[in-house]
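Below is start26.cif, which holds mmCIF, C-alpha atoms.
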```cif
data_start
loop_
_atom_site.label_atom_id
_atom_site.label_comp_id
_atom_site.auth_asym_id
_atom_site.auth_seq_id
_atom_site.Cartn_x
_atom_site.Cartn_y
_atom_site.Cartn_z
CA MET A 548 24.70 -64.75 74.44
CA THR A 549 24.06 -61.13 73.49
CA PHE A 550 27.01 -58.78 73.73
CA ASN A 551 26.12 -55.27 74.87
CA PRO A 552 29.06 -52.84 74.89
CA HIS A 553 27.28 -50.34 77.13
CA THR A 554 27.52 -50.61 80.90
CA PRO A 555 24.57 -49.65 83.11
CA GLU A 556 26.44 -46.44 83.89
CA ASP A 557 26.83 -45.69 80.16
CA ARG A 558 23.11 -46.16 79.60
CA GLU A 559 22.20 -43.94 82.55
CA ALA A 560 24.49 -41.20 81.25
CA MET A 561 22.97 -41.34 77.75
CA LEU A 562 19.41 -41.37 79.09
CA ALA A 563 20.19 -38.34 81.26
CA VAL A 564 21.40 -36.39 78.22
CA ILE A 565 18.17 -36.98 76.29
CA GLY A 566 15.90 -36.56 79.28
CA ALA A 567 14.56 -40.12 79.55
CA GLU A 568 14.39 -42.23 82.69
CA ARG A 569 14.36 -45.72 81.14
CA VAL A 570 15.26 -47.32 77.83
CA GLU A 571 11.58 -48.29 77.50
CA ASP A 572 10.69 -44.59 77.33
CA LEU A 573 12.34 -44.44 73.92
CA PHE A 574 9.59 -46.64 72.50
CA THR A 575 6.55 -44.71 73.72
CA PRO A 576 5.81 -43.37 70.18
CA VAL A 577 5.10 -46.98 69.14
CA PRO A 578 1.43 -47.86 69.84
CA GLU A 579 1.24 -50.01 72.98
CA GLY A 580 -0.80 -52.72 71.27
CA ILE A 581 2.03 -53.58 68.90
CA ARG A 582 5.00 -52.72 71.11
CA PHE A 583 7.49 -55.49 71.87
CA PRO A 584 7.06 -57.98 73.41
CA ARG A 585 3.30 -57.76 72.83
CA LEU A 586 3.43 -58.09 69.03
CA ASN A 587 -0.08 -59.56 68.85
CA LEU A 588 0.90 -62.03 66.14
CA PRO A 589 -1.41 -64.85 64.99
CA PRO A 590 -0.44 -68.49 65.58
CA GLN A 591 2.32 -69.83 63.36
CA LEU A 592 1.32 -71.58 60.12
CA THR A 593 2.93 -74.15 57.87
CA GLU A 594 4.03 -73.01 54.42
CA MET A 595 0.93 -74.59 52.85
CA GLU A 596 -1.39 -72.98 55.39
CA ALA A 597 0.32 -69.60 54.98
CA ALA A 598 0.00 -69.76 51.17
CA HIS A 599 -3.71 -70.59 51.50
CA ARG A 600 -4.25 -67.71 53.95
CA LEU A 601 -2.43 -65.23 51.74
CA GLN A 602 -4.54 -66.30 48.76
CA GLN A 603 -7.69 -65.74 50.82
CA LEU A 604 -6.53 -62.22 51.63
CA ALA A 605 -5.57 -61.55 48.00
CA ASP A 606 -9.00 -62.67 46.81
CA ARG A 607 -10.54 -59.83 48.82
CA ASN A 608 -8.91 -57.28 46.54
CA VAL A 609 -11.22 -55.56 44.08
CA VAL A 610 -9.44 -55.12 40.75
CA PRO A 611 -11.68 -53.27 38.27
CA PRO A 612 -10.65 -52.73 34.62
CA ALA A 613 -8.17 -49.88 34.08
CA GLU A 614 -10.78 -47.70 32.41
CA ASP A 615 -12.90 -47.87 35.59
CA VAL A 616 -10.20 -46.59 37.97
CA TYR A 617 -10.30 -42.90 39.03
CA LEU A 618 -8.03 -42.96 42.07
CA GLY A 619 -4.75 -41.05 41.99
CA ALA A 620 -3.49 -38.98 44.96
CA GLY A 621 0.19 -39.62 44.23
CA SER A 622 0.05 -43.08 42.63
CA TYR A 623 -1.19 -43.24 39.05
CA GLN A 624 -2.14 -45.93 36.56
CA HIS A 625 -0.45 -45.57 33.17
CA TYR A 626 0.21 -48.01 30.37
CA VAL A 627 3.64 -49.60 30.71
CA PRO A 628 5.16 -50.66 27.35
CA ALA A 629 6.25 -54.30 27.15
CA THR A 630 9.83 -53.18 26.57
CA VAL A 631 10.06 -52.05 30.21
CA GLY A 632 9.41 -55.48 31.71
CA GLN A 633 11.47 -57.24 29.05
CA ILE A 634 14.61 -55.18 29.69
CA LEU A 635 14.09 -55.04 33.44
CA SER A 636 13.99 -58.84 33.64
CA ARG A 637 17.48 -59.20 32.16
CA GLY A 638 19.88 -60.52 34.79
CA GLU A 639 22.42 -57.72 34.42
CA PHE A 640 19.77 -55.20 35.45
CA TYR A 641 17.56 -57.28 37.72
CA THR A 642 20.34 -58.49 40.00
CA ALA A 643 22.86 -55.66 39.65
CA TYR A 644 24.26 -54.24 42.85
CA THR A 645 25.90 -50.94 43.72
CA PRO A 646 28.30 -49.99 40.89
CA TYR A 647 31.34 -49.30 43.06
CA GLN A 648 33.71 -50.86 40.52
CA PRO A 649 33.17 -48.94 37.28
CA GLU A 650 35.26 -51.35 35.22
CA VAL A 651 32.62 -54.06 35.72
CA ALA A 652 29.51 -51.86 35.95
CA GLN A 653 29.56 -49.74 32.79
CA GLY A 654 26.04 -50.81 31.76
CA THR A 655 24.51 -49.95 35.12
CA LEU A 656 26.40 -46.67 35.32
CA GLN A 657 25.32 -45.65 31.82
CA VAL A 658 21.66 -46.33 32.68
CA ILE A 659 22.00 -44.14 35.78
CA TYR A 660 23.69 -41.42 33.74
CA GLU A 661 20.93 -41.49 31.11
CA PHE A 662 18.28 -41.47 33.85
CA GLN A 663 19.84 -38.40 35.46
CA SER A 664 20.05 -36.64 32.10
CA MET A 665 16.38 -37.31 31.31
CA ILE A 666 15.17 -36.14 34.73
CA ALA A 667 17.29 -32.98 34.53
CA GLU A 668 15.83 -32.22 31.09
CA LEU A 669 12.27 -32.98 32.19
CA PHE A 670 12.54 -30.66 35.21
CA GLU A 671 14.74 -28.10 33.38
CA MET A 672 17.28 -28.32 36.18
CA GLU A 673 21.06 -28.45 35.97
CA VAL A 674 21.71 -31.68 37.84
CA ALA A 675 19.74 -34.74 38.99
CA ASN A 676 20.89 -37.59 41.19
CA ALA A 677 20.63 -41.34 40.70
CA SER A 678 17.19 -41.45 42.40
CA MET A 679 15.86 -41.67 45.96
CA TYR A 680 13.63 -44.14 47.79
CA ASP A 681 10.34 -42.46 46.85
CA GLY A 682 8.74 -39.07 46.32
CA ALA A 683 8.19 -38.35 50.01
CA THR A 684 11.80 -38.95 51.03
CA ALA A 685 13.02 -37.05 47.96
CA LEU A 686 11.03 -33.99 49.06
CA ALA A 687 12.28 -34.23 52.64
CA GLU A 688 15.85 -34.52 51.37
CA GLY A 689 15.24 -31.51 49.13
CA ALA A 690 14.23 -29.45 52.16
CA LEU A 691 17.34 -30.66 54.00
CA MET A 692 19.46 -29.56 51.03
CA ALA A 693 18.02 -26.06 51.31
CA VAL A 694 18.67 -25.92 55.05
CA ALA A 695 22.25 -27.16 54.65
CA SER A 696 23.03 -24.68 51.88
CA SER A 697 21.64 -21.76 53.90
CA ARG A 698 23.98 -22.61 56.79
CA LYS A 699 22.38 -20.98 59.84
CA LYS A 700 18.83 -20.56 58.53
CA ASN A 701 16.44 -23.27 59.66
CA ARG A 702 12.84 -22.24 58.85
CA VAL A 703 11.08 -24.43 56.28
CA VAL A 704 7.70 -23.07 55.17
CA VAL A 705 5.50 -25.78 53.65
CA ALA A 706 2.27 -25.12 51.79
CA GLY A 707 -0.72 -26.98 53.21
CA THR A 708 -1.54 -28.09 49.65
CA VAL A 709 1.50 -30.40 49.59
CA HIS A 710 0.59 -34.12 49.81
CA PRO A 711 -0.37 -34.84 53.48
CA ALA A 712 1.76 -38.00 53.61
CA TYR A 713 4.75 -36.09 52.24
CA ARG A 714 4.32 -33.44 54.93
CA ASP A 715 4.23 -36.17 57.56
CA VAL A 716 7.45 -37.67 56.23
CA MET A 717 9.06 -34.23 56.22
CA HIS A 718 8.15 -33.71 59.89
CA THR A 719 9.58 -37.15 60.74
CA TYR A 720 12.76 -36.47 58.78
CA LEU A 721 13.40 -33.06 60.29
CA GLU A 722 12.32 -33.79 63.88
CA GLY A 723 15.19 -33.34 66.29
CA SER A 724 17.40 -31.62 63.70
CA GLY A 725 16.70 -28.10 64.90
CA VAL A 726 14.70 -27.30 61.76
CA GLU A 727 11.47 -25.36 62.22
CA VAL A 728 8.76 -26.67 59.89
CA VAL A 729 5.88 -24.22 59.41
CA GLU A 730 2.79 -25.53 57.61
CA VAL A 731 0.69 -22.84 55.95
CA ALA A 732 -3.04 -23.29 55.39
CA GLY A 733 -4.50 -21.03 52.73
CA ALA A 734 -7.66 -18.97 52.93
CA ASP A 735 -8.89 -21.49 50.36
CA PRO A 736 -8.01 -24.94 51.77
CA PHE A 737 -7.41 -26.32 48.27
CA VAL A 738 -5.16 -23.54 46.94
CA ILE A 739 -2.17 -21.65 48.34
CA THR A 740 -1.29 -18.09 47.30
CA VAL A 741 1.51 -15.59 47.76
CA ASP A 742 -0.59 -13.75 50.33
CA ASP A 743 -0.96 -16.95 52.36
CA ILE A 744 2.81 -17.55 52.37
CA ARG A 745 4.09 -13.99 52.93
CA PRO A 746 3.29 -13.63 56.69
CA HIS A 747 5.39 -16.71 57.51
CA LEU A 748 8.65 -15.51 55.96
CA ASN A 749 11.43 -13.98 58.01
CA GLU A 750 15.20 -13.56 58.05
CA ASN A 751 15.53 -17.18 59.19
CA LEU A 752 13.88 -18.62 56.05
CA ALA A 753 15.74 -21.56 54.49
CA CYS A 754 13.12 -22.47 51.89
CA VAL A 755 9.49 -22.47 50.81
CA VAL A 756 8.04 -25.82 49.71
CA VAL A 757 5.07 -26.11 47.34
CA GLN A 758 3.52 -28.80 45.14
CA TYR A 759 2.83 -28.29 41.41
CA PRO A 760 0.14 -29.32 40.54
CA ASN A 761 -0.86 -29.46 44.17
CA PHE A 762 -2.26 -32.45 46.05
CA TYR A 763 -5.84 -31.39 45.24
CA GLY A 764 -5.02 -31.05 41.54
CA ALA A 765 -4.98 -27.26 41.36
CA ILE A 766 -2.20 -25.51 39.44
CA GLU A 767 -1.10 -22.66 41.69
CA ASP A 768 0.89 -19.56 40.74
CA VAL A 769 4.17 -21.06 41.89
CA ARG A 770 6.40 -18.61 40.02
CA ASP A 771 5.20 -15.74 42.24
CA ILE A 772 5.67 -17.86 45.36
CA GLY A 773 9.21 -18.69 44.23
CA ASP A 774 9.97 -15.01 43.63
CA LEU A 775 8.70 -14.25 47.13
CA ALA A 776 10.94 -16.95 48.65
CA HIS A 777 13.98 -15.58 46.84
CA GLU A 778 13.21 -12.00 47.91
CA ALA A 779 13.14 -13.23 51.50
CA GLY A 780 16.56 -14.86 51.08
CA GLY A 781 15.34 -18.44 50.94
CA LEU A 782 15.34 -21.20 48.34
CA PHE A 783 12.36 -22.50 46.43
CA VAL A 784 11.62 -26.25 46.63
CA VAL A 785 8.98 -27.69 44.29
CA ASN A 786 7.37 -31.11 44.57
CA THR A 787 5.94 -32.12 41.21
CA SER A 788 4.73 -35.06 39.11
CA PRO A 789 6.44 -36.12 35.86
CA VAL A 790 3.52 -36.69 33.48
CA PRO A 791 1.96 -33.19 33.76
CA LEU A 792 5.32 -31.78 32.67
CA GLY A 793 4.60 -33.16 29.20
CA LEU A 794 2.35 -30.10 28.81
CA LEU A 795 3.08 -27.76 31.71
CA LYS A 796 6.10 -25.52 32.20
CA ALA A 797 8.89 -27.27 34.06
CA PRO A 798 9.63 -26.23 37.67
CA GLY A 799 13.08 -25.05 36.62
CA ALA A 800 11.49 -22.54 34.26
CA LEU A 801 9.39 -21.26 37.17
CA GLY A 802 12.33 -20.49 39.43
CA ALA A 803 12.74 -23.72 41.42
CA ASP A 804 16.09 -24.29 43.14
CA VAL A 805 15.29 -27.89 44.11
CA VAL A 806 12.74 -30.20 42.47
CA ALA A 807 11.46 -33.48 43.93
CA ALA A 808 8.91 -35.92 42.56
CA GLU A 809 7.54 -39.43 42.73
CA GLY A 810 8.60 -41.25 39.57
CA GLN A 811 6.12 -44.14 39.80
CA SER A 812 4.14 -42.86 36.80
CA LEU A 813 7.24 -43.38 34.60
CA GLY A 814 6.77 -47.05 33.80
CA VAL A 815 6.64 -48.35 37.37
CA ALA A 816 3.67 -50.51 38.39
CA GLN A 817 1.52 -49.24 41.27
CA SER A 818 2.15 -52.51 43.15
CA TYR A 819 -0.05 -51.63 46.14
CA GLY A 820 2.29 -48.81 47.14
CA GLY A 821 5.83 -49.73 46.16
CA PRO A 822 8.66 -50.02 45.51
CA TYR A 823 8.62 -46.60 43.86
CA VAL A 824 11.39 -44.21 42.85
CA GLY A 825 12.11 -40.71 44.14
CA LEU A 826 13.33 -38.04 41.73
CA LEU A 827 15.55 -35.20 42.94
CA ALA A 828 17.19 -32.40 40.96
CA SER A 829 18.70 -29.02 41.75
CA ARG A 830 20.74 -26.09 40.56
CA GLN A 831 24.43 -26.83 40.00
CA SER A 832 25.36 -24.58 42.93
CA LEU A 833 23.64 -27.00 45.33
CA VAL A 834 25.19 -30.20 44.03
CA ARG A 835 27.52 -30.63 47.01
CA GLN A 836 24.49 -30.76 49.30
CA MET A 837 22.71 -33.38 47.20
CA PRO A 838 22.23 -36.77 48.93
CA GLY A 839 22.69 -40.18 47.40
CA ARG A 840 24.96 -40.53 44.40
CA LEU A 841 25.56 -39.13 40.94
CA ALA A 842 26.97 -40.95 37.93
CA GLY A 843 29.24 -38.99 35.61
CA ILE A 844 31.01 -39.47 32.31
CA THR A 845 34.75 -39.32 31.70
CA VAL A 846 37.49 -40.90 29.56
CA ASP A 847 39.94 -43.61 30.55
CA SER A 848 43.70 -43.71 30.06
CA GLU A 849 43.16 -44.76 26.43
CA GLY A 850 40.74 -41.93 25.73
CA LYS A 851 37.67 -44.19 25.68
CA ARG A 852 34.38 -42.96 27.14
CA GLY A 853 33.56 -44.35 30.56
CA TYR A 854 31.01 -43.89 33.34
CA VAL A 855 31.84 -43.53 37.03
CA LEU A 856 30.22 -42.64 40.33
CA THR A 857 31.21 -38.99 40.47
CA LEU A 858 29.67 -37.90 43.74
CA GLN A 859 28.91 -40.08 46.77
CA THR A 860 28.10 -37.79 49.68
CA ARG A 861 27.19 -40.51 52.16
CA GLU A 862 28.69 -41.52 55.45
CA GLN A 863 30.17 -44.73 54.02
CA HIS A 864 32.47 -42.76 51.75
CA ILE A 865 33.29 -39.57 53.67
CA ARG A 866 33.60 -38.49 57.28
CA ARG A 867 30.27 -39.13 58.96
CA GLU A 868 29.78 -35.53 60.11
CA LYS A 869 30.31 -34.35 56.52
CA ALA A 870 27.67 -36.67 55.00
CA THR A 871 24.68 -34.90 53.48
CA SER A 872 22.23 -37.67 54.40
CA ASN A 873 21.91 -41.21 55.72
CA ILE A 874 20.28 -42.24 52.43
CA CYS A 875 22.33 -45.30 51.51
CA THR A 876 21.36 -46.15 47.95
CA ASN A 877 19.17 -45.38 44.96
CA GLN A 878 16.18 -47.27 43.55
CA GLY A 879 18.29 -48.69 40.74
CA LEU A 880 15.77 -51.12 39.26
CA MET A 881 12.90 -48.63 39.33
CA ALA A 882 15.14 -45.90 37.90
CA THR A 883 15.99 -48.30 35.08
CA ALA A 884 12.27 -48.84 34.46
CA ALA A 885 11.76 -45.07 34.25
CA THR A 886 14.69 -44.74 31.84
CA VAL A 887 13.37 -47.47 29.53
CA TYR A 888 9.85 -45.99 29.71
CA MET A 889 10.96 -42.48 28.76
CA SER A 890 13.25 -43.85 26.03
CA SER A 891 10.41 -45.97 24.59
CA LEU A 892 7.94 -43.11 24.44
CA GLY A 893 10.27 -40.35 23.36
CA PRO A 894 9.31 -36.66 23.69
CA GLU A 895 6.24 -36.85 21.44
CA GLY A 896 4.94 -40.06 23.02
CA PHE A 897 5.40 -38.55 26.47
CA ARG A 898 3.45 -35.46 25.41
CA GLU A 899 0.70 -37.69 24.02
CA VAL A 900 0.32 -39.47 27.38
CA ALA A 901 0.04 -36.07 29.06
CA ARG A 902 -2.39 -34.76 26.43
CA SER A 903 -4.65 -37.80 26.67
CA SER A 904 -4.67 -37.69 30.50
CA TYR A 905 -5.54 -33.99 30.44
CA GLN A 906 -8.38 -34.44 27.96
CA HIS A 907 -9.93 -37.40 29.80
CA ALA A 908 -9.84 -35.58 33.16
CA HIS A 909 -11.44 -32.47 31.72
CA TYR A 910 -14.13 -34.48 29.98
CA LEU A 911 -14.86 -36.22 33.29
CA ALA A 912 -15.02 -32.87 35.13
CA THR A 913 -17.32 -31.37 32.51
CA ARG A 914 -19.73 -34.30 32.58
CA LEU A 915 -19.64 -34.54 36.38
CA THR A 916 -20.45 -30.88 37.01
CA GLU A 917 -23.51 -31.24 34.81
CA LEU A 918 -25.01 -33.45 37.54
CA ASP A 919 -27.05 -31.80 40.29
CA GLY A 920 -25.03 -31.10 43.42
CA TYR A 921 -21.57 -31.61 41.88
CA ALA A 922 -19.15 -28.71 41.42
CA LEU A 923 -15.40 -28.12 41.16
CA ALA A 924 -13.90 -27.11 44.50
CA TYR A 925 -11.79 -24.29 43.03
CA GLU A 926 -11.48 -22.07 39.96
CA GLN A 927 -7.79 -22.75 39.27
CA PRO A 928 -6.79 -24.81 36.22
CA PHE A 929 -5.93 -28.47 36.72
CA PHE A 930 -4.16 -31.19 34.77
CA HIS A 931 -5.38 -34.79 35.19
CA GLU A 932 -6.60 -34.62 38.78
CA PHE A 933 -9.21 -32.39 40.40
CA THR A 934 -11.33 -32.00 43.52
CA VAL A 935 -15.10 -31.97 43.27
CA ARG A 936 -17.76 -31.11 45.86
CA THR A 937 -20.34 -33.86 46.23
CA PRO A 938 -24.03 -33.56 47.26
CA VAL A 939 -23.63 -36.43 49.75
CA PRO A 940 -20.57 -37.60 51.71
CA ALA A 941 -17.79 -38.68 49.36
CA ALA A 942 -17.69 -42.09 51.06
CA GLU A 943 -21.25 -42.72 49.88
CA VAL A 944 -20.34 -41.70 46.34
CA ASN A 945 -17.41 -44.13 46.35
CA LYS A 946 -19.60 -46.96 47.66
CA LEU A 947 -22.15 -46.36 44.91
CA LEU A 948 -19.38 -46.49 42.32
CA LEU A 949 -17.75 -49.58 43.82
CA ASP A 950 -21.07 -51.43 43.79
CA ALA A 951 -21.06 -50.79 40.03
CA GLY A 952 -17.49 -52.11 39.67
CA ILE A 953 -15.87 -48.66 39.50
CA LEU A 954 -13.03 -47.52 41.76
CA GLY A 955 -13.79 -43.90 42.64
CA GLY A 956 -11.55 -41.16 43.94
CA LEU A 957 -10.00 -40.30 47.28
CA ASP A 958 -12.43 -39.28 50.02
CA LEU A 959 -10.79 -36.13 51.41
CA GLY A 960 -12.79 -36.51 54.61
CA ARG A 961 -10.16 -39.09 55.58
CA PHE A 962 -7.72 -36.21 56.13
CA ASP A 963 -10.15 -33.56 57.38
CA PRO A 964 -13.75 -34.22 58.47
CA ALA A 965 -14.65 -30.76 57.12
CA HIS A 966 -13.93 -32.11 53.63
CA ASP A 967 -16.16 -35.18 53.80
CA HIS A 968 -18.16 -33.82 50.84
CA HIS A 969 -15.07 -33.56 48.64
CA LEU A 970 -13.71 -36.19 46.27
CA LEU A 971 -10.28 -36.15 44.57
CA LEU A 972 -10.60 -37.74 41.12
CA CYS A 973 -8.00 -38.63 38.51
CA ALA A 974 -8.00 -39.74 34.87
CA THR A 975 -5.14 -40.94 32.68
CA GLU A 976 -4.70 -42.25 29.12
CA LEU A 977 -6.10 -45.61 30.32
CA ASN A 978 -9.54 -44.15 30.99
CA THR A 979 -11.93 -43.99 28.03
CA LYS A 980 -14.89 -41.90 26.95
CA ALA A 981 -17.14 -44.96 27.31
CA GLY A 982 -15.83 -45.60 30.82
CA ILE A 983 -16.32 -41.97 31.85
CA ASP A 984 -19.87 -41.99 30.46
CA ARG A 985 -20.60 -45.14 32.50
CA PHE A 986 -19.17 -43.37 35.60
CA ILE A 987 -21.58 -40.46 35.02
CA ASP A 988 -24.51 -42.78 34.39
CA VAL A 989 -23.98 -44.50 37.75
CA LEU A 990 -23.98 -41.20 39.66
CA GLY A 991 -26.85 -39.77 37.65
CA ARG A 992 -29.31 -42.55 38.43
#
```

Structure translated into structure tokens:
Amino acid sequence: MTFNPHTPEDREAMLAVIGAERVEDLFTPVPEGIRFPRLNLPPQLTEMEAAHRLQQLADRNVVPPAEDVYLGAGSYQHYVPATVGQILSRGEFYTAYTPYQPEVAQGTLQVIYEFQSMIAELFEMEVANASMYDGATALAEGALMAVASSRKKNRVVVAGTVHPAYRDVMHTYLEGSGVEVVEVAGADPFVITVDDIRPHLNENLACVVVQYPNFYGAIEDVRDIGDLAHEAGGLFVVNTSPVPLGLLKAPGALGADVVAAEGQSLGVAQSYGGPYVGLLASRQSLVRQMPGRLAGITVDSEGKRGYVLTLQTREQHIRREKATSNICTNQGLMATAATVYMSSLGPEGFREVARSSYQHAHYLATRLTELDGYALAYEQPFFHEFTVRTPVPAAEVNKLLLDAGILGGLDLGRFDPAHDHHLLLCATELNTKAGIDRFIDVLGR
């Protein structure tokens, strides 16, 4: 039997408050074709049959060599040193659970502490937490931090050059919370400017959110946008990517109050989309609004150094109405991978990865724009990702490349039909001059 504590009268009262007539109305956002009980599932299979079917599906994947991959858009291929997998596979890391008892979790807590320290240094921010689920949720939580710290202000202005999926997650996160999310499209669809942002600021501004470099690869003048947000009484939230910061100025040096990022490029395999690791850092003054948890360092009764969970602003630990978020945990294993990766490379190795990615992308852009009909979509500088206009639909360009065993870029027409002649391309240290020349040869035939 199923126990339901709510009486029919209770349910009617709750439905009346939210303006719904039936419980079924709550599920209308779910597409009807997959809504319970019509789950449209295939017939059940035995374990052997299921394994065979999964192998058939896996065999459909096209896996070109690393040097022939030019797709980025938020998930990037980088070389992962063997030390990452070796340390990650150790039982004390691979199976570790939440470090509530510091006396038996010193190793895990120290890794989290080192991770936080590295992320804070990379972003040039004062404090970083123990990680979030992924980059999209980290950015949404960063916007929530700004709203919470501003008390009664609830306008969040988001540049249209922020990753489309991240903007979708932000809308989902903030829906029903009384927060007004304003997306700003620039005069140039691939670049946002101060003049684009200014008309959308008012006395109700909680924060301005930008991406650096932006989703299309362009490096915008984010310092001026941050200054504008501060002049209007709001905070400045920057979504970034770790590897470019090996060469570019850190968001903290450009006036960011909150910084979010996807940490997948720090030693985490692409894995068809996850699990990844969200990075979140802020000014010290905002630490009480930070979700998740923070590990700190202290001394015990004998004066020995020890690590503890210093801040746990979640509903499990404090009064529910005082919780900063319903985020329950951090991506501990992926954060460990990022920590080992950054430790293995060191500052100079990290800069070399950034330098190599930058050089390969710019060589690709130079060679590509020598072909008839290809041109960069903007004049702004870029790091290892850029948008190019194509003489034919980008989908046709990608098909031509795939037929030659090359995985091309992201067809931007998938997000906006007006951009069907635009291709977002990426290069990292794993691409080679020979591979890029082959890419150009295929398109130049």

Hey, which of A:Thr740, A:Ser697, A:Asn873, A:Ser818 ends up closest to Ser832 (chain A)? Count all atoms listed in the file. A:Ser697

Nearest residue to Glu668 (chain A) from the set A:Lys796, A:His968, A:Arg835, A:Arg600 (distances using all atoms listed in the file): A:Lys796

Option closest in space to Glu778 (chain A), from A:Glu750, A:Glu895, A:Asp572, A:Asp804 [counting only C-alpha atoms]: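 Smallest separation from Glu778 (chain A) among the options: A:Glu750.
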
Skipping near chain neighbours, those fewer than 5 positions away, what residues fall within 7 Å of region 845-861 of chain A using all atoms listed in the file, listed as a PyMOL selection string? chain A and resi 649+653+656-657+838-840+870-873+875

Using all atoms listed in the file, can you list as a VMD selection string the residues within 12 Å of (-21.3, -41.3, 46.3)? chain A and resid 920 to 921 935 to 951 953 to 958 967 to 970 986 to 987 989 to 992

Resolved residues for the PyMOL selection byres ((chain A and resi 716-730) around 6) as a list of chain:residue names: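 Selected by the PyMOL selection byres ((chain A and resi 716-730) around 6) in this file: A:Ala687, A:Asn701, A:Arg702, A:Val703, A:Val704, A:Val705, A:Ala706, A:Gly707, A:Tyr713, A:Arg714, A:Asp715, A:Val731.
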
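Each of A:Met561, A:Ala816, A:Ala842, A:Met679 was compared to Leu573 (chain A) using all atoms listed in the file, and A:Met561 turns out to be the nearest.
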
Could you rebuild region 749-766 of chain A with N, CA and C atoms and give me the result as a PDB file, in the coordinates of the input?
```pdb
ATOM      1  N   ASN A 749      10.603 -14.877  57.215  1.00  0.00           N
ATOM      2  CA  ASN A 749      11.430 -13.980  58.010  1.00  0.00           C
ATOM      3  C   ASN A 749      12.896 -14.165  57.638  1.00  0.00           C
ATOM      4  N   GLU A 750      13.771 -13.503  58.373  1.00  0.00           N
ATOM      5  CA  GLU A 750      15.200 -13.560  58.050  1.00  0.00           C
ATOM      6  C   GLU A 750      15.795 -14.951  58.268  1.00  0.00           C
ATOM      7  N   ASN A 751      15.046 -15.831  58.919  1.00  0.00           N
ATOM      8  CA  ASN A 751      15.530 -17.180  59.190  1.00  0.00           C
ATOM      9  C   ASN A 751      15.067 -18.198  58.153  1.00  0.00           C
ATOM     10  N   LEU A 752      14.465 -17.720  57.049  1.00  0.00           N
ATOM     11  CA  LEU A 752      13.880 -18.620  56.050  1.00  0.00           C
ATOM     12  C   LEU A 752      14.961 -19.385  55.287  1.00  0.00           C
ATOM     13  N   ALA A 753      14.862 -20.713  55.305  1.00  0.00           N
ATOM     14  CA  ALA A 753      15.740 -21.560  54.490  1.00  0.00           C
ATOM     15  C   ALA A 753      15.095 -21.854  53.148  1.00  0.00           C
ATOM     16  N   CYS A 754      13.797 -22.166  53.151  1.00  0.00           N
ATOM     17  CA  CYS A 754      13.120 -22.470  51.890  1.00  0.00           C
ATOM     18  C   CYS A 754      11.611 -22.441  52.051  1.00  0.00           C
ATOM     19  N   VAL A 755      10.944 -22.313  50.914  1.00  0.00           N
ATOM     20  CA  VAL A 755       9.490 -22.470  50.810  1.00  0.00           C
ATOM     21  C   VAL A 755       9.244 -23.702  49.956  1.00  0.00           C
ATOM     22  N   VAL A 756       8.340 -24.568  50.404  1.00  0.00           N
ATOM     23  CA  VAL A 756       8.040 -25.820  49.710  1.00  0.00           C
ATOM     24  C   VAL A 756       6.596 -25.801  49.213  1.00  0.00           C
ATOM     25  N   VAL A 757       6.416 -26.034  47.917  1.00  0.00           N
ATOM     26  CA  VAL A 757       5.070 -26.110  47.340  1.00  0.00           C
ATOM     27  C   VAL A 757       4.969 -27.367  46.479  1.00  0.00           C
ATOM     28  N   GLN A 758       3.744 -27.673  46.045  1.00  0.00           N
ATOM     29  CA  GLN A 758       3.520 -28.800  45.140  1.00  0.00           C
ATOM     30  C   GLN A 758       2.841 -28.282  43.875  1.00  0.00           C
ATOM     31  N   TYR A 759       3.282 -28.806  42.704  1.00  0.00           N
ATOM     32  CA  TYR A 759       2.830 -28.290  41.410  1.00  0.00           C
ATOM     33  C   TYR A 759       2.691 -29.451  40.424  1.00  0.00           C
ATOM     34  N   PRO A 760       1.429 -29.747  39.979  1.00  0.00           N
ATOM     35  CA  PRO A 760       0.140 -29.320  40.540  1.00  0.00           C
ATOM     36  C   PRO A 760       0.023 -29.800  41.990  1.00  0.00           C
ATOM     37  N   ASN A 761      -0.834 -29.124  42.759  1.00  0.00           N
ATOM     38  CA  ASN A 761      -0.860 -29.460  44.170  1.00  0.00           C
ATOM     39  C   ASN A 761      -1.630 -30.760  44.435  1.00  0.00           C
ATOM     40  N   PHE A 762      -1.654 -31.173  45.695  1.00  0.00           N
ATOM     41  CA  PHE A 762      -2.260 -32.450  46.050  1.00  0.00           C
ATOM     42  C   PHE A 762      -3.714 -32.537  45.604  1.00  0.00           C
ATOM     43  N   TYR A 763      -4.424 -31.406  45.606  1.00  0.00           N
ATOM     44  CA  TYR A 763      -5.840 -31.390  45.240  1.00  0.00           C
ATOM     45  C   TYR A 763      -6.043 -31.210  43.744  1.00  0.00           C
ATOM     46  N   GLY A 764      -4.950 -31.152  42.991  1.00  0.00           N
ATOM     47  CA  GLY A 764      -5.020 -31.050  41.540  1.00  0.00           C
ATOM     48  C   GLY A 764      -4.879 -29.660  40.994  1.00  0.00           C
ATOM     49  N   ALA A 765      -5.017 -28.643  41.829  1.00  0.00           N
ATOM     50  CA  ALA A 765      -4.980 -27.260  41.360  1.00  0.00           C
ATOM     51  C   ALA A 765      -3.565 -26.851  40.949  1.00  0.00           C
ATOM     52  N   ILE A 766      -3.483 -26.059  39.889  1.00  0.00           N
ATOM     53  CA  ILE A 766      -2.200 -25.510  39.440  1.00  0.00           C
ATOM     54  C   ILE A 766      -2.091 -24.094  39.999  1.00  0.00           C
TER      55      ILE A 766
END
```
